[in-house]
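So this block is query30.txt, compact mmCIF, C-alpha atoms and all ligand atoms:
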# COMPACT_ATOMS: atom_id res chain seq x y z
CA ASN X 268 58.36 105.76 -127.98
CA LEU X 269 58.57 102.37 -129.64
CA THR X 270 60.47 103.55 -132.71
CA ALA X 271 63.42 104.55 -130.51
CA CYS X 272 63.95 100.99 -129.39
CA SER X 273 61.86 99.04 -131.88
CA SER X 274 65.03 97.38 -133.15
CA LYS X 275 65.48 95.86 -129.74
CA TYR X 276 61.80 94.95 -129.41
CA VAL X 277 60.57 96.25 -126.10
CA LEU X 278 59.74 93.02 -124.33
CA SER X 279 56.16 92.87 -123.20
CA ALA X 280 54.21 90.30 -121.30
CA VAL X 281 52.37 89.60 -124.57
CA HIS X 282 55.00 87.42 -126.16
CA PRO X 283 55.62 84.49 -123.83
CA MET X 284 53.52 81.42 -124.37
CA TRP X 285 53.49 80.53 -120.73
CA LYS X 286 50.38 82.00 -119.07
CA GLY X 287 51.44 81.29 -115.49
CA PRO X 288 51.79 83.88 -112.72
CA LEU X 289 54.08 86.63 -113.92
CA VAL X 290 55.18 87.43 -110.38
CA VAL X 291 55.45 85.00 -107.47
CA PRO X 292 53.90 86.42 -104.28
CA GLY X 293 56.73 87.34 -101.95
CA GLY X 294 59.36 86.23 -104.47
CA ASP X 295 62.31 88.58 -104.15
CA ARG X 296 64.83 86.50 -106.09
CA GLN X 297 62.97 85.60 -109.26
CA SER X 298 64.46 84.91 -112.70
CA PRO X 299 65.12 85.85 -115.43
CA ILE X 300 66.51 89.37 -115.05
CA ASP X 301 68.06 92.07 -117.20
CA ILE X 302 71.82 92.12 -116.57
CA VAL X 303 72.87 95.79 -116.42
CA VAL X 304 76.55 95.45 -117.32
CA ARG X 305 77.73 98.70 -115.73
CA LYS X 306 75.98 97.76 -112.44
CA SER X 307 77.59 94.31 -112.20
CA VAL X 308 80.39 94.04 -109.63
CA PHE X 309 83.69 92.31 -110.44
CA ASP X 310 84.46 89.66 -107.78
CA SER X 311 88.11 88.51 -107.82
CA GLU X 312 87.19 85.56 -105.57
CA LEU X 313 85.16 83.99 -108.38
CA LYS X 314 87.02 80.95 -109.74
CA PRO X 315 87.05 79.53 -113.26
CA LEU X 316 84.10 77.28 -114.05
CA LYS X 317 84.93 73.57 -114.01
CA PRO X 318 82.47 71.62 -116.17
CA LYS X 319 83.38 67.91 -116.47
CA TYR X 320 80.87 66.22 -118.78
CA ASP X 321 80.93 62.55 -119.82
CA PRO X 322 79.03 62.22 -123.15
CA ASP X 323 78.16 58.61 -122.25
CA THR X 324 75.82 59.82 -119.49
CA CYS X 325 73.49 61.26 -122.15
CA GLN X 326 70.26 59.20 -122.19
CA GLN X 327 67.27 60.70 -124.03
CA ILE X 328 65.52 63.74 -125.44
CA TYR X 329 62.02 64.51 -124.14
CA ASN X 330 59.33 66.99 -125.21
CA ASN X 331 57.73 68.08 -121.91
CA GLY X 332 55.23 70.43 -123.54
CA TYR X 333 57.26 73.48 -122.64
CA SER X 334 60.72 72.85 -124.13
CA PHE X 335 62.73 69.78 -125.09
CA LEU X 336 65.01 68.33 -122.43
CA VAL X 337 68.24 66.46 -123.18
CA GLU X 338 68.43 64.27 -120.09
CA TYR X 339 71.54 62.83 -118.46
CA ASP X 340 72.12 59.98 -116.02
CA ASP X 341 72.59 61.83 -112.73
CA THR X 342 72.92 58.75 -110.49
CA THR X 343 76.71 59.20 -110.37
CA ASP X 344 79.18 62.10 -110.41
CA LYS X 345 80.25 61.39 -113.99
CA SER X 346 79.01 64.74 -115.35
CA THR X 347 79.51 67.60 -112.92
CA LEU X 348 80.00 71.34 -112.59
CA SER X 349 82.14 72.89 -109.87
CA GLY X 350 84.26 76.03 -109.45
CA GLY X 351 82.97 79.43 -110.45
CA PRO X 352 80.76 80.78 -107.63
CA LEU X 353 79.97 77.26 -106.41
CA GLN X 354 81.07 75.84 -103.05
CA ASN X 355 80.03 72.29 -103.93
CA SER X 356 79.97 69.85 -106.84
CA PHE X 357 76.76 69.87 -108.88
CA ARG X 358 75.53 67.04 -111.11
CA LEU X 359 74.27 67.68 -114.67
CA CYS X 360 70.71 66.40 -114.99
CA GLN X 361 69.42 68.03 -118.20
CA PHE X 362 69.76 70.87 -120.63
CA HIS X 363 67.06 72.67 -122.60
CA PHE X 364 66.46 75.89 -124.51
CA HIS X 365 64.06 78.86 -124.65
CA TRP X 366 63.39 80.56 -127.99
CA GLY X 367 61.09 82.97 -129.87
CA GLU X 368 58.82 82.80 -132.90
CA ASN X 369 61.41 84.82 -134.82
CA ASN X 370 65.04 85.85 -134.47
CA ASP X 371 64.23 89.14 -132.70
CA TRP X 372 63.48 87.68 -129.29
CA GLY X 373 63.44 84.40 -127.35
CA SER X 374 66.04 84.60 -124.58
CA GLU X 375 65.03 84.81 -120.91
CA HIS X 376 67.93 86.88 -119.59
CA THR X 377 68.88 90.08 -121.39
CA VAL X 378 72.11 92.10 -121.31
CA ASP X 379 71.48 95.85 -121.12
CA LYS X 380 67.96 95.05 -122.40
CA ARG X 381 69.39 93.25 -125.43
CA LEU X 382 67.36 90.18 -126.39
CA PHE X 383 68.82 87.11 -128.09
CA PRO X 384 66.87 84.70 -130.31
CA ALA X 385 67.39 81.83 -127.86
CA GLU X 386 69.02 80.78 -124.58
CA LEU X 387 70.48 77.44 -123.45
CA HIS X 388 70.12 76.28 -119.83
CA LEU X 389 72.42 73.55 -118.47
CA VAL X 390 70.79 72.34 -115.23
CA HIS X 391 72.86 70.89 -112.35
CA TRP X 392 71.93 69.99 -108.75
CA ASN X 393 74.00 69.99 -105.55
CA SER X 394 74.91 66.31 -105.11
CA GLU X 395 77.07 67.01 -102.04
CA LYS X 396 74.09 68.26 -100.01
CA TYR X 397 71.14 66.43 -101.56
CA SER X 398 70.48 62.96 -102.97
CA LEU X 399 67.89 63.81 -105.62
CA PHE X 400 67.14 66.67 -108.02
CA GLU X 401 63.59 66.80 -106.62
CA GLU X 402 65.04 67.59 -103.17
CA ALA X 403 67.64 70.08 -104.38
CA VAL X 404 65.13 72.05 -106.47
CA MET X 405 63.36 73.13 -103.27
CA GLU X 406 66.53 74.28 -101.45
CA ASP X 407 68.40 77.56 -101.28
CA ASN X 408 71.61 76.51 -103.03
CA GLY X 409 70.18 73.41 -104.62
CA LEU X 410 70.68 74.17 -108.32
CA ALA X 411 73.34 75.70 -110.55
CA VAL X 412 72.25 76.64 -114.06
CA ILE X 413 74.58 77.81 -116.84
CA GLY X 414 72.85 80.15 -119.31
CA VAL X 415 74.32 80.58 -122.80
CA PHE X 416 72.88 83.04 -125.35
CA LEU X 417 72.36 81.88 -128.93
CA LYS X 418 72.79 84.18 -131.92
CA VAL X 419 71.85 83.38 -135.54
CA GLY X 420 74.93 83.00 -137.71
CA LYS X 421 77.02 80.08 -138.83
CA ARG X 422 75.78 76.53 -138.40
CA HIS X 423 76.74 74.89 -135.10
CA GLU X 424 78.19 71.53 -136.13
CA GLY X 425 77.93 70.03 -132.63
CA LEU X 426 74.25 71.01 -132.33
CA GLN X 427 73.25 69.33 -135.60
CA LYS X 428 73.08 65.82 -134.06
CA LEU X 429 70.52 67.20 -131.60
CA VAL X 430 68.59 69.09 -134.31
CA ASP X 431 68.34 65.87 -136.37
CA ALA X 432 66.69 64.09 -133.42
CA LEU X 433 63.98 66.72 -132.86
CA PRO X 434 61.43 65.58 -135.49
CA ALA X 435 61.14 62.33 -133.49
CA ILE X 436 59.86 64.26 -130.46
CA ARG X 437 57.62 66.73 -132.29
CA HIS X 438 54.75 66.42 -129.77
CA LYS X 439 54.35 66.83 -126.01
CA GLY X 440 55.08 63.62 -124.16
CA SER X 441 57.32 62.08 -126.82
CA GLU X 442 60.78 60.81 -125.97
CA VAL X 443 63.59 59.29 -128.00
CA GLU X 444 66.83 57.59 -127.03
CA PHE X 445 69.81 59.91 -127.46
CA SER X 446 73.40 59.09 -126.57
CA HIS X 447 76.98 60.25 -126.74
CA PHE X 448 76.32 63.95 -126.74
CA ASP X 449 78.91 66.23 -125.12
CA PRO X 450 77.14 69.36 -123.80
CA GLY X 451 80.58 70.97 -123.48
CA CYS X 452 80.41 71.60 -127.24
CA LEU X 453 77.61 74.11 -126.54
CA LEU X 454 79.73 76.29 -124.22
CA PRO X 455 81.40 79.41 -125.67
CA SER X 456 84.88 78.74 -126.99
CA ASP X 457 86.74 82.06 -126.70
CA THR X 458 86.16 83.00 -123.07
CA ASN X 459 84.70 81.64 -119.85
CA ASP X 460 83.70 85.10 -118.61
CA TYR X 461 80.34 85.03 -116.81
CA TRP X 462 77.89 86.91 -114.61
CA THR X 463 76.40 85.22 -111.57
CA TYR X 464 73.43 85.96 -109.26
CA HIS X 465 70.91 84.14 -107.06
CA GLY X 466 67.55 83.49 -108.68
CA SER X 467 64.85 80.98 -109.46
CA LEU X 468 63.43 78.56 -111.95
CA THR X 469 61.74 80.48 -114.74
CA THR X 470 58.92 77.95 -114.98
CA PRO X 471 56.67 76.51 -112.26
CA PRO X 472 57.34 75.86 -109.40
CA LEU X 473 59.54 79.01 -109.76
CA THR X 474 61.47 77.94 -106.66
CA GLU X 475 64.30 80.31 -105.61
CA SER X 476 66.97 77.61 -105.56
CA VAL X 477 69.22 78.60 -108.48
CA THR X 478 72.75 79.98 -108.61
CA TRP X 479 72.64 81.43 -112.13
CA ILE X 480 75.84 81.52 -114.19
CA VAL X 481 75.22 83.49 -117.43
CA MET X 482 78.05 83.33 -119.98
CA LYS X 483 79.14 86.66 -121.45
CA GLN X 484 79.93 85.18 -124.86
CA HIS X 485 77.15 83.77 -127.01
CA ILE X 486 77.32 80.78 -129.36
CA GLU X 487 76.18 80.85 -133.00
CA VAL X 488 73.59 78.55 -134.58
CA SER X 489 72.15 78.76 -138.09
CA HIS X 490 68.71 80.12 -139.00
CA ASP X 491 67.74 76.64 -140.22
CA GLN X 492 68.80 75.00 -136.95
CA LEU X 493 66.61 77.41 -134.96
CA ALA X 494 63.74 76.81 -137.41
CA VAL X 495 63.75 73.14 -136.39
CA PHE X 496 63.29 74.20 -132.73
CA ARG X 497 60.20 76.12 -133.89
CA SER X 498 58.86 73.03 -135.69
CA LEU X 499 58.24 71.40 -132.31
CA GLN X 500 54.73 71.48 -130.84
CA PHE X 501 53.53 72.43 -127.34
CA THR X 502 50.61 70.07 -127.93
CA ALA X 503 50.27 66.30 -127.82
CA VAL X 504 49.77 64.44 -131.09
CA ASP X 505 46.05 63.79 -130.36
CA GLU X 506 45.10 67.41 -129.66
CA GLU X 507 42.78 68.95 -132.24
CA VAL X 508 44.45 72.35 -132.27
CA GLN X 509 48.22 72.14 -132.70
CA LYS X 510 50.39 74.92 -131.27
CA SER X 511 53.99 75.57 -132.34
CA MET X 512 56.50 75.49 -129.53
CA VAL X 513 57.72 79.12 -129.66
CA ASN X 514 58.06 82.02 -127.18
CA ASN X 515 58.60 79.61 -124.29
CA PHE X 516 60.33 82.25 -122.18
CA ARG X 517 59.37 84.19 -119.06
CA VAL X 518 59.48 87.99 -118.89
CA GLN X 519 62.17 89.63 -116.79
CA GLN X 520 61.58 89.93 -113.07
CA PRO X 521 62.48 92.73 -110.63
CA LEU X 522 66.06 92.68 -109.35
CA ARG X 523 64.87 93.48 -105.76
CA GLY X 524 68.23 94.79 -104.64
CA ARG X 525 70.25 91.80 -105.79
CA THR X 526 73.83 92.31 -107.01
CA VAL X 527 75.03 90.65 -110.21
CA ARG X 528 78.71 89.72 -109.92
CA SER X 529 81.08 89.35 -112.87
CA SER X 530 84.09 87.05 -113.19
CA PHE X 531 85.79 89.63 -115.42
CA THR X 532 86.59 93.34 -115.44
O1 LIG A 601 62.99 70.95 -113.51
C1 LIG A 601 62.02 71.65 -113.67
N1 LIG A 601 60.76 71.20 -113.49
C2 LIG A 601 60.54 69.81 -113.13
C3 LIG A 601 60.46 69.63 -111.64
C4 LIG A 601 60.48 68.35 -111.14
C5 LIG A 601 60.39 68.13 -109.79
C6 LIG A 601 60.30 69.21 -108.90
C7 LIG A 601 60.29 70.50 -109.40
C8 LIG A 601 60.36 70.72 -110.77
N2 LIG A 601 62.10 72.95 -114.05
C9 LIG A 601 63.28 73.65 -114.29
C10 LIG A 601 64.52 73.22 -113.82
C11 LIG A 601 65.65 74.02 -114.10
C12 LIG A 601 65.53 75.19 -114.83
C13 LIG A 601 64.29 75.57 -115.28
C14 LIG A 601 63.16 74.82 -115.01
B1 LIG A 601 64.46 76.90 -116.09
O2 LIG A 601 64.24 78.00 -115.27
O3 LIG A 601 63.76 76.90 -117.31
O4 LIG A 601 65.91 76.85 -116.38
C15 LIG A 601 66.54 76.19 -115.27
ZN ZN A 602 65.28 77.14 -118.74

Using structure tokens, write down the structure that the file contains.
Ligand SMILES: O=C(NCc1ccccc1)Nc1ccc2c(c1)[B-](O)(O)OC2
Ligand SMILES: [Zn+2]
Amino acid sequence: NLTACSSKYVLSAVHPMWKGPLVVPGGDRQSPIDIVVRKSVFDSELKPLKPKYDPDTCQQIYNNGYSFLVEYDDTTDKSTLSGGPLQNSFRLCQFHFHWGENNDWGSEHTVDKRLFPAELHLVHWNSEKYSLFEEAVMEDNGLAVIGVFLKVGKRHEGLQKLVDALPAIRHKGSEVEFSHFDPGCLLPSDTNDYWTYHGSLTTPPLTESVTWIVMKQHIEVSHDQLAVFRSLQFTAVDEEVQKSMVNNFRVQQPLRGRTVRSSFT
């Protein structure tokens, strides 16, 4: 019954804003998923993650009507991710978040069914095998995405510069110049432990091209910082009915026999 797990908010298909197909025909490696900790398998071959981000490659912030993207210059290998489960070097192209209308839900992945108020996605594409993101996004091992859970607690000083820029991109289609932002400040500080599995984009075209790397440790942001995320609009400035940008997450998808590996015991 609901009361048993009401504190964890049984996730239903009602919440997410996105009305797209909840299941992709034939998709057997869809994302997000629930990470069942006791079913994950420790893999000693997994290496430490090697993010190398150059803050000067940060270019702009853009409201795409689904989330806000902090976009990086990915025409060189100045900001890359390698190591971990990856065989190649992947270029950072953007990061974005998913969040809820309140602090009880908002993440895409869950850990033992536990929901977080928000989730960060750092998106990288395989620049050793492909020459453009648009190519890589259609290929088997084209993308590598780091997922980081957000919890409400103390203010995240590094995030504040980003939060202060959000009012300038309140509506769908708006963009503002944004520079010198080190996405490394959004990675957990105490441990690099992670889970990894093969999955997909969680928004159309839902292509199954992602090596997911979900960090075990969350980061903390303040209630007020998250409230600014919720002040963004899904809608363009000229639309009659304005809609707050909240619940921009997809519901969990079937595991379909996949194994989630862990970098830690
Ligand atoms: O880049 C995206 N769309 C634009 C696009 C352009 C050209 C071809 C295909 C797609 N989507 C997208 C990329 C990466 C992630 C997600 C969505 B996510 O699942 O939210 O987190 C990871
Ligand atoms: Zn995402």

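You will find CA of Gln327 in chain X at 6.8 Å from CA of Glu442 in chain X.
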
- Fewer than 4 positions away in the same chain doesn't count, so skip those; otherwise give me all residues within 12 Å of Gln509 in chain X, counting all atoms listed in the file, as a list in words.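 Listing them by chain and then by number gives Gly332, Arg437, His438, Lys439, Ser498, Leu499, Gln500, Phe501, Thr502, Ala503, Val504 and Asp505 of chain X.
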
- For CA of Ile300 in chain X and CA of Gln484 in chain X, determine how far apart the two atoms are, in Å to one decimal place. 17.1 Å

- Which protein, DNA or RNA residues have an atom within 10 Å of ligand LIG 601 (chain A), counting only C-alpha atoms and all ligand atoms, as a VMD selection string? chain X and resid 297 to 299 331 333 to 334 336 360 to 365 375 386 to 392 399 to 405 410 to 414 466 to 479 515 to 517

- Item | Shell around Tyr464 in chain X at 8 Å using all atoms listed in the file, local window under 3 positions removed, as a list in words |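 Surrounding residues, per the criterion: Thr478, Trp479, Ile480, Arg525, Thr526, Val527 and Arg528 of chain X.
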
- Query: What separation in Å, quoted to one decimal, exists between CA of Ser489 in chain X and CA of Leu348 in chain X?
  - Reply: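 Answer for the CA of Ser489 in chain X to CA of Leu348 in chain X separation: 27.7 Å.
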
- Could you check which of X:Gly350, X:Gly373, X:Pro318, X:Pro455 is closest to ligand ZN 602 (chain A), using all atoms listed in the file?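 Smallest distance to ligand ZN 602 (chain A) is found for X:Gly373.
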